[in-house]
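Student: A single structure is presented below for examination.
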Amino acid sequence: MTDPAYNFAYLDEQTKRMIRRAILKGIAVPGYQVPFASREMPMPYGWGTGGVQVTAACLVPEDRLKVIDQGADDTTNAVSIRKFFSRTAGVATTEATTDATLIQTRHRIPETPLHAGQILVYQVPIPEPLRFLEPRETETRKMHELEEYGLMHVKLYEDIARHGQIAISYAYPVKVEGRYVMDPSPIPKFDNPKLTNSPAIQLFGAGREQRIYALPPYTQVVSLDFDDHPFTASKAPHDCDLCGSPDSYLDEVITDDQGSRMYVCSDTDFCASRRSAGHKGRLWAPAPEEAL
Amino acid sequence: MYVAVKGGERAIDNAHAWLAEERRGDPGVTEMSIDQIREQLKLAVNRVMAEGSLYDPDLAALAIKQSLGDLIEAVFLIRAYRTTLPRFGASNPVDTAAMAIDRRISATFKDLPGGQVLGPTFDYTHRLLDFKLAAEGLPPAAATAPATPGPVPHVTDFLNRDGLIETAPTDDTPPPDLTREPLELPASRALRLQAITRGDEGFILSLAYSTQRGYGRTHAFVGELRIGRVAVEMDIPELGFAVEIGEVELTECETVNQFKGSRTEPPQFTRGYGLVFGQSERKAIAMSLVDRALRWQELGEDYIGAPAQDEEFVLSHCDNIQATGFLEHIKLPHYVDFQAELQMVRHLRAEATALAEAAE
């Protein structure tokens, strides 16, 4: 099963130790971006190399790994990363959120609440929440040091002045334990409330930008807002057309050349579990599902 | 009825099988060997070694074959392989004055000890397509002459004797290792040079060109450009002395730059430095120009906001493996984020329409 040409989970033990140190430091200072000597991985930068390195450093042979991209287990990049670890670590894999001990994700937090003992690893493209307000790393590190987040508040205020609301729909900035402003990775803001007070360990890996940060279990995470413009999680105002769920995050799918739409859960495991428990959505029909 | 897109794994396997067919091309045409690539596409091999930061012509040739000649992809293959290799130690600094020279030119002196040696160069070839190359056959033998014995001193050493050029500061601190420590700014010159020598040739070339056109002008002359082989020696602790473990081909460029003096430095010439694996003289010259432009602070020059003066800008964007990965990742699915944006835009439009209607 495991490819003998490589060490368990691909990375050599020295590298894993270096990454684990960064993770521990990140857990000790929640929301702080720890620089780490990111390695070139056999997949491109920007395709989850940070998440993959964090996962590789955390995996033990007893783990059950789940990999999702856009909430789905069967998107090509999720398939590719899962295959990488079954080949190099030989660990068991699963699609069930509750069965997984380690979940690597891109752009979503699973709908099913996580439990103690689980690790959620996020792939992060740009770890710096202030990056698009100030392009220089030398400056933004200083701003974090001094807890100087005025620029961010001005941006949010300007959004309200211009659009009547904060016009950030994903990668919505949060404040961790009242100290560091953190980018939660490009999850939709719908997922932000799941960040706070989670029993699971949440780890964030940015390979190209060489940063790791973390939220230990039960960390307080607050989405930035104003008293008179409170944060609201939003989603498409529909139920899932397959499982009927009224409160899961939905993908919008164009179904014909007239532009008809259907809405389905982005979390494929959540949707399938509901359907097998007998829930039905507007367009659910059993035959094509069974044919797969 | 919508059927969820499944079968990602099979699609991936099939796509890779197709790619393998494309790589081979028409099976009626003879397959290329690694030896052929190494011997006949030498400059491509050199570029892959330089930007892959691994001196191994056979592996670079293999990477070029595997990547269908996409050199950035080949560099990527080499980098991903390189990072898995164990480290046995570090060599002693190579002595480029003792280089066995194939090419050595100076643009600052008509003649000088060691002579001007053109070597195998495109310079002064007329860029006319040579249709004879379409037919196979050996080229006529090139004339040979005995090699100049002994070390060839650097041009800048002659200037240095008269105090006309800044003394290159000797620094025996072990250089930082970009591949083992995260890049932190501000960077030392050693670290900058390390990043630039493995940086993308096109990016470094354009930055260097921009300094020539006035964006951080440094008035560079090619004091010397040399290409040749140097011995790589390593101290073996058990033996107590250095042993030659091989040789590498290098291109070294030293520029001599006009300098009128500043608040901290007297008027004298200053240096820019480039050193690249293999025969890569465009890269070496470009590197020395960018190196010199980045030294503005050390020499007490003004920062005029030119891209080539901006260490953070240059170092954060010169690596083509980082750049291409991040650029190309936008073809991955983003429909969760796009969906969030759709909802936002619909909401904002609905509000704007409502406002407009209320105003009517």
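Note on naming: chains are A, B, ... as they come in the structure tokens, residues start from 1 per chain, ligands start from 1 in the order shown.
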Please identify every residue of chain B that has at least one atom no more than 6 Å from any atom of chain A, counting only C-alpha atoms, and report them as a ChimeraX atom specification.
Tutor: /B:8,80,180-182,322,325-326,329,336-337,340-341
Student: Generate the output file for the selected residues, N, CA and C atoms, as an mmCIF file, in the first residue's frame.
Tutor:
```cif
data_model
loop_
_atom_site.group_PDB
_atom_site.id
_atom_site.type_symbol
_atom_site.label_atom_id
_atom_site.label_comp_id
_atom_site.auth_asym_id
_atom_site.auth_seq_id
_atom_site.Cartn_x
_atom_site.Cartn_y
_atom_site.Cartn_z
ATOM 1 N N GLY B 8 -14.056 11.758 -10.387
ATOM 2 C CA GLY B 8 -12.867 12.595 -10.496
ATOM 3 C C GLY B 8 -11.606 11.764 -10.659
ATOM 4 N N ALA B 80 10.901 19.738 -6.643
ATOM 5 C CA ALA B 80 10.167 18.797 -5.803
ATOM 6 C C ALA B 80 11.039 17.587 -5.480
ATOM 7 N N ARG B 180 15.730 26.191 3.498
ATOM 8 C CA ARG B 180 15.562 25.554 4.803
ATOM 9 C C ARG B 180 15.016 26.505 5.863
ATOM 10 N N GLU B 181 14.960 27.785 5.537
ATOM 11 C CA GLU B 181 14.413 28.761 6.477
ATOM 12 C C GLU B 181 13.431 29.640 5.719
ATOM 13 N N PRO B 182 12.350 30.074 6.381
ATOM 14 C CA PRO B 182 11.418 30.953 5.671
ATOM 15 C C PRO B 182 12.094 32.291 5.353
ATOM 16 N N GLN B 322 6.621 29.337 -7.331
ATOM 17 C CA GLN B 322 5.567 29.942 -6.509
ATOM 18 C C GLN B 322 4.564 30.677 -7.395
ATOM 19 N N GLY B 325 2.363 28.367 -9.653
ATOM 20 C CA GLY B 325 1.417 27.595 -8.849
ATOM 21 C C GLY B 325 0.232 28.448 -8.455
ATOM 22 N N PHE B 326 0.536 29.642 -7.966
ATOM 23 C CA PHE B 326 -0.557 30.487 -7.484
ATOM 24 C C PHE B 326 -1.395 31.020 -8.634
ATOM 25 N N HIS B 329 -3.617 28.220 -9.886
ATOM 26 C CA HIS B 329 -4.598 27.645 -8.964
ATOM 27 C C HIS B 329 -5.985 28.243 -9.186
ATOM 28 N N VAL B 336 -17.756 27.686 -4.378
ATOM 29 C CA VAL B 336 -18.287 28.092 -3.074
ATOM 30 C C VAL B 336 -18.138 29.606 -2.899
ATOM 31 N N ASP B 337 -16.922 30.100 -3.187
ATOM 32 C CA ASP B 337 -16.698 31.537 -3.048
ATOM 33 C C ASP B 337 -17.490 32.320 -4.088
ATOM 34 N N ALA B 340 -20.936 32.717 -2.985
ATOM 35 C CA ALA B 340 -21.060 33.764 -1.971
ATOM 36 C C ALA B 340 -21.069 35.143 -2.628
ATOM 37 N N GLU B 341 -20.224 35.306 -3.661
ATOM 38 C CA GLU B 341 -20.181 36.576 -4.376
ATOM 39 C C GLU B 341 -21.485 36.824 -5.137
#
```
Student: Enumerate, as a PyMOL selection string, the complete set of residues in region 70-228 of chain A that a backbone-based DSSP assignment places in strand (DSSP E).
Tutor: chain A and resi 92-93+102-106+119-123+174-176+180-182+201-206+211-215+221-223
Student: Just checking: using only C-alpha atoms, which residue out of B:Leu299, B:Leu54, B:Ala308, B:Ala358 ends up closest to Thr179 (chain B)?
Tutor: B:Leu54
Student: For Asn192 (chain A), list every protein, DNA or RNA residue within 9 Å, evaluated using only C-alpha atoms, and leave out those in the same chain fewer than 5 positions away; present the list as a list in words.
Tutor: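 Contacts, with the query itself left out: Ile109, Ala171, Tyr172, Pro173, Val174, Pro184, Ile187, Val221, Val222, Ser223 and Ala233 of chain A.
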Student: Next, dump the selected residues to file, keeping only N, CA and C atoms, as an mmCIF file, in the first residue's frame.
Tutor:
```cif
data_model
loop_
_atom_site.group_PDB
_atom_site.id
_atom_site.type_symbol
_atom_site.label_atom_id
_atom_site.label_comp_id
_atom_site.auth_asym_id
_atom_site.auth_seq_id
_atom_site.Cartn_x
_atom_site.Cartn_y
_atom_site.Cartn_z
ATOM 1 N N ILE A 109 -16.119 24.623 5.813
ATOM 2 C CA ILE A 109 -16.121 23.884 7.067
ATOM 3 C C ILE A 109 -17.306 22.927 6.969
ATOM 4 N N ALA A 171 -13.706 34.658 2.975
ATOM 5 C CA ALA A 171 -12.467 35.088 3.636
ATOM 6 C C ALA A 171 -12.773 36.304 4.514
ATOM 7 N N TYR A 172 -13.876 36.229 5.221
ATOM 8 C CA TYR A 172 -14.328 37.347 6.050
ATOM 9 C C TYR A 172 -13.472 37.413 7.313
ATOM 10 N N PRO A 173 -12.823 38.550 7.577
ATOM 11 C CA PRO A 173 -11.841 38.593 8.667
ATOM 12 C C PRO A 173 -12.462 38.402 10.054
ATOM 13 N N VAL A 174 -11.676 37.774 10.924
ATOM 14 C CA VAL A 174 -12.143 37.506 12.282
ATOM 15 C C VAL A 174 -11.088 37.983 13.280
ATOM 16 N N PRO A 184 -9.706 33.631 7.830
ATOM 17 C CA PRO A 184 -10.145 32.251 8.076
ATOM 18 C C PRO A 184 -9.995 31.365 6.842
ATOM 19 N N ILE A 187 -13.222 30.616 3.134
ATOM 20 C CA ILE A 187 -14.504 29.968 3.395
ATOM 21 C C ILE A 187 -15.585 31.032 3.210
ATOM 22 N N VAL A 221 -13.680 33.159 18.536
ATOM 23 C CA VAL A 221 -13.408 33.757 17.232
ATOM 24 C C VAL A 221 -14.600 34.635 16.852
ATOM 25 N N VAL A 222 -14.345 35.915 16.650
ATOM 26 C CA VAL A 222 -15.434 36.856 16.379
ATOM 27 C C VAL A 222 -15.259 37.464 14.994
ATOM 28 N N SER A 223 -16.305 37.409 14.169
ATOM 29 C CA SER A 223 -16.257 38.060 12.867
ATOM 30 C C SER A 223 -16.336 39.569 13.075
ATOM 31 N N ALA A 233 -24.342 35.736 8.748
ATOM 32 C CA ALA A 233 -23.934 34.656 7.860
ATOM 33 C C ALA A 233 -24.996 34.559 6.780
#
```
Student: Select from region 84-144 of chain A everything DSSP, run on the backbone, classes as helix (DSSP H, G or I), then give the selection as a ChimeraX atom specification.
Tutor: /A:84-88,137-144
Student: For CA of Gly278 (chain A) and CA of Lys66 (chain A), determine how far apart the two atoms are, in Å to one decimal place.
Tutor: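 Computed distance, CA of Gly278 (chain A) to CA of Lys66 (chain A), equals 24.1 Å.
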Student: Skipping near chain neighbours, those fewer than 3 positions away, what residues fall within 8 Å of Gly305 (chain B) using only C-alpha atoms, listed as a VMD selection string?
Tutor: chain B and resid 216 309 to 310
Student: Write the residues of the preceding selection, restricted to C-alpha atoms, as a PDB file, in the first residue's frame.
Tutor:
```
ATOM      1  CA  GLY B 216      16.605  52.684 -10.570  1.00  0.00           C
ATOM      2  CA  GLN B 309      15.149  48.640  -5.786  1.00  0.00           C
ATOM      3  CA  ASP B 310      12.325  47.108  -3.827  1.00  0.00           C
TER       4      ASP B 310
END
```
Student: Name the residues in contact with Pro237 (chain B) at a cut-off of 12 Å, using only C-alpha atoms, excluding same-chain residues fewer than 4 positions from it; report them as number ranges by chain.
Tutor: B: 88-90, 241-243
Student: Could you name the residues that touch Arg275 (chain A) at 10 Å or less, counting only C-alpha atoms, but leaving out those on the same chain fewer than 4 positions away, as a PDB file with C-alpha atoms, in the first residue's frame?
Tutor:
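Saved file selection18.pdb follows:
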```
ATOM      1  CA  LEU A 242     -31.646  16.863  -3.258  1.00  0.00           C
ATOM      2  CA  CYS A 243     -31.924  16.479   0.528  1.00  0.00           C
ATOM      3  CA  GLY A 244     -34.254  19.353   1.374  1.00  0.00           C
ATOM      4  CA  SER A 245     -31.957  20.837   4.005  1.00  0.00           C
ATOM      5  CA  ASP A 269     -21.264  13.923   2.873  1.00  0.00           C
ATOM      6  CA  PHE A 270     -23.913  15.948   4.718  1.00  0.00           C
ATOM      7  CA  CYS A 271     -26.311  15.764   1.767  1.00  0.00           C
ATOM      8  CA  HIS A 279     -34.904  13.264   3.600  1.00  0.00           C
ATOM      9  CA  LYS A 280     -36.014  14.312   0.130  1.00  0.00           C
ATOM     10  CA  GLY A 281     -35.559  17.528  -1.761  1.00  0.00           C
ATOM     11  CA  TRP A 284     -34.554  14.171  -5.695  1.00  0.00           C
ATOM     12  CA  PRO A 286     -33.383   7.729  -6.577  1.00  0.00           C
TER      13      PRO A 286
END
```
Student: Quick one: everything within 9 Å of Gly202 (chain B), counting only C-alpha atoms, minus sequence neighbours fewer than 4 positions away in the same chain. Send it as a ChimeraX atom specification.
Tutor: /B:206-207,283
Student: Please indicate the distance in Å from CA of Ala352 (chain B) to CA of Met152 (chain A), rounded to one decimal place.
Tutor: 25.1 Å
